[in-house]
Amino acid sequence: MTINIEYEATKKLEFDYEDLVKRVILACLDYEECPYETEVNVLFTDDENIREINRDYRDKDAATDVLSFPAVDYDKPGDFSKLEDNVAEYFNPESGELVLGDIVISVDRALVQAEEYGHTIEREVAFLTAHSMFHLFGYDHMEEEEARIMEQKQEEVLDELQIKR
């Protein structure tokens, strides 16, 4: 299991965000019953940089709380059954790990949202990580039913970790 975490935000988080992110990622992998060792990259940045990334990759010139860049195309969200048919495309040739993708979190937005929602910054970072992980598993929230499924999965993972609002 490889979890690469980079921190380039100006504002500092006053808790062990690396441990929290790793625990949430592992819980999401367990929840989805991922049968592979995986690789996930996480970048903590600020509003300015996430706005640039959002503009460059999604044509949306605005800051956002989290961006997800899945590396896997699933036939069905969370269905790992056919990934071995594309080993060269989805697996790191050096480690053999399934490369799930990248997560980019704005520390600025996370701090604001934690205050707006009346919960801790730890809870907000955990939520953003879980939310992004389910995007890396192929889930989305563009339609009401998709959103309901994704929200339920996120909440169940956070409940299991005892990370409450």
# chains A, B, ... in the order shown; residues from 1 in each chain; ligands from 1
>>> select_by_dssp(residues="stretch 22-149 of chain A", states="alpha helix (DSSP H)", output="VMD selection string")
chain A and resid 22 to 31 47 to 58 87 to 90 107 to 117 121 to 136 144 to 149
>>> residues_around(residues="stretch 122-134 of chain A", least_positions_apart="5", cutoff="8 Å", atoms="only C-alpha atoms", output="PyMOL selection string")
chain A and resi 15+17+20-21+24-25+28+65-68+103+105+110-111+113-114+139-140+150-151+154+157-158+163-165
>>> write_last_selection(atoms="C-alpha atoms", output="CSV table (one decimal), in the first residue's frame")
chain,number,residue,atom,x,y,z
A,15,PHE,CA,-3.4,17.6,13.9
A,17,TYR,CA,-3.5,14.8,9.1
A,20,LEU,CA,-6.1,10.6,9.6
A,21,VAL,CA,-5.9,10.4,5.8
A,24,VAL,CA,-9.8,7.0,6.1
A,25,ILE,CA,-8.2,5.6,2.8
A,28,CYS,CA,-12.6,3.1,2.3
A,65,ASP,CA,-12.9,21.9,-1.5
A,66,VAL,CA,-11.6,18.7,-3.1
A,67,LEU,CA,-10.7,17.4,-6.5
A,68,SER,CA,-10.5,13.7,-7.5
A,103,ILE,CA,-6.9,13.6,-4.3
A,105,ILE,CA,-7.7,19.0,-0.8
A,110,ALA,CA,-11.6,22.7,4.6
A,111,LEU,CA,-11.1,25.2,7.4
A,113,GLN,CA,-16.3,24.5,5.8
A,114,ALA,CA,-15.5,22.9,9.2
A,139,TYR,CA,-18.9,6.7,-7.8
A,140,ASP,CA,-20.4,10.0,-8.6
A,150,MET,CA,-22.2,7.8,-2.4
A,151,GLU,CA,-23.3,9.8,0.7
A,154,GLN,CA,-19.1,8.0,3.1
A,157,VAL,CA,-17.0,4.7,6.6
A,158,LEU,CA,-16.8,7.8,8.9
A,163,ILE,CA,-15.6,10.4,13.1
A,164,LYS,CA,-18.8,12.2,13.9
A,165,ARG,CA,-20.2,15.6,13.0
>>> select_by_dssp(residues="stretch 44-128 of chain A", states="strand (DSSP E or B)", output="VMD selection string")
chain A and resid 44 to 45 66 to 70 91 98 to 106
>>> write_last_selection(atoms="C-alpha atoms", output="tab-separated table (two decimals), in the first residue's frame")
chain	number	residue	atom	x	y	z
A	44	PHE	CA	-2.97	19.41	0.51
A	45	THR	CA	-2.95	22.82	-1.09
A	66	VAL	CA	-11.58	18.70	-3.08
A	67	LEU	CA	-10.72	17.35	-6.51
A	68	SER	CA	-10.50	13.71	-7.45
A	69	PHE	CA	-8.58	12.35	-10.40
A	70	PRO	CA	-9.44	8.66	-10.82
A	91	PHE	CA	-1.19	-1.23	-12.14
A	98	LEU	CA	-3.44	-0.71	-8.40
A	99	VAL	CA	-3.05	3.02	-9.05
A	100	LEU	CA	-6.37	4.50	-7.91
A	101	GLY	CA	-5.57	8.15	-8.60
A	102	ASP	CA	-5.05	11.53	-6.99
A	103	ILE	CA	-6.85	13.56	-4.32
A	104	VAL	CA	-6.35	17.32	-3.99
A	105	ILE	CA	-7.69	19.00	-0.82
A	106	SER	CA	-7.85	22.75	-0.22
>>> closest_residue(among="A:Glu160, A:Ile53, A:Lys12, A:Glu37", to="A:Glu97", atoms="only C-alpha atoms")
A:Glu37
>>> atom_distance(atom1="atom CA of A:Asn92", atom2="atom CA of A:Thr64")
29.2 Å
>>> closest_residue(among="A:Glu115, A:Glu144, A:Asp46, A:Lys153", to="A:Lys11", atoms="only C-alpha atoms")
A:Asp46
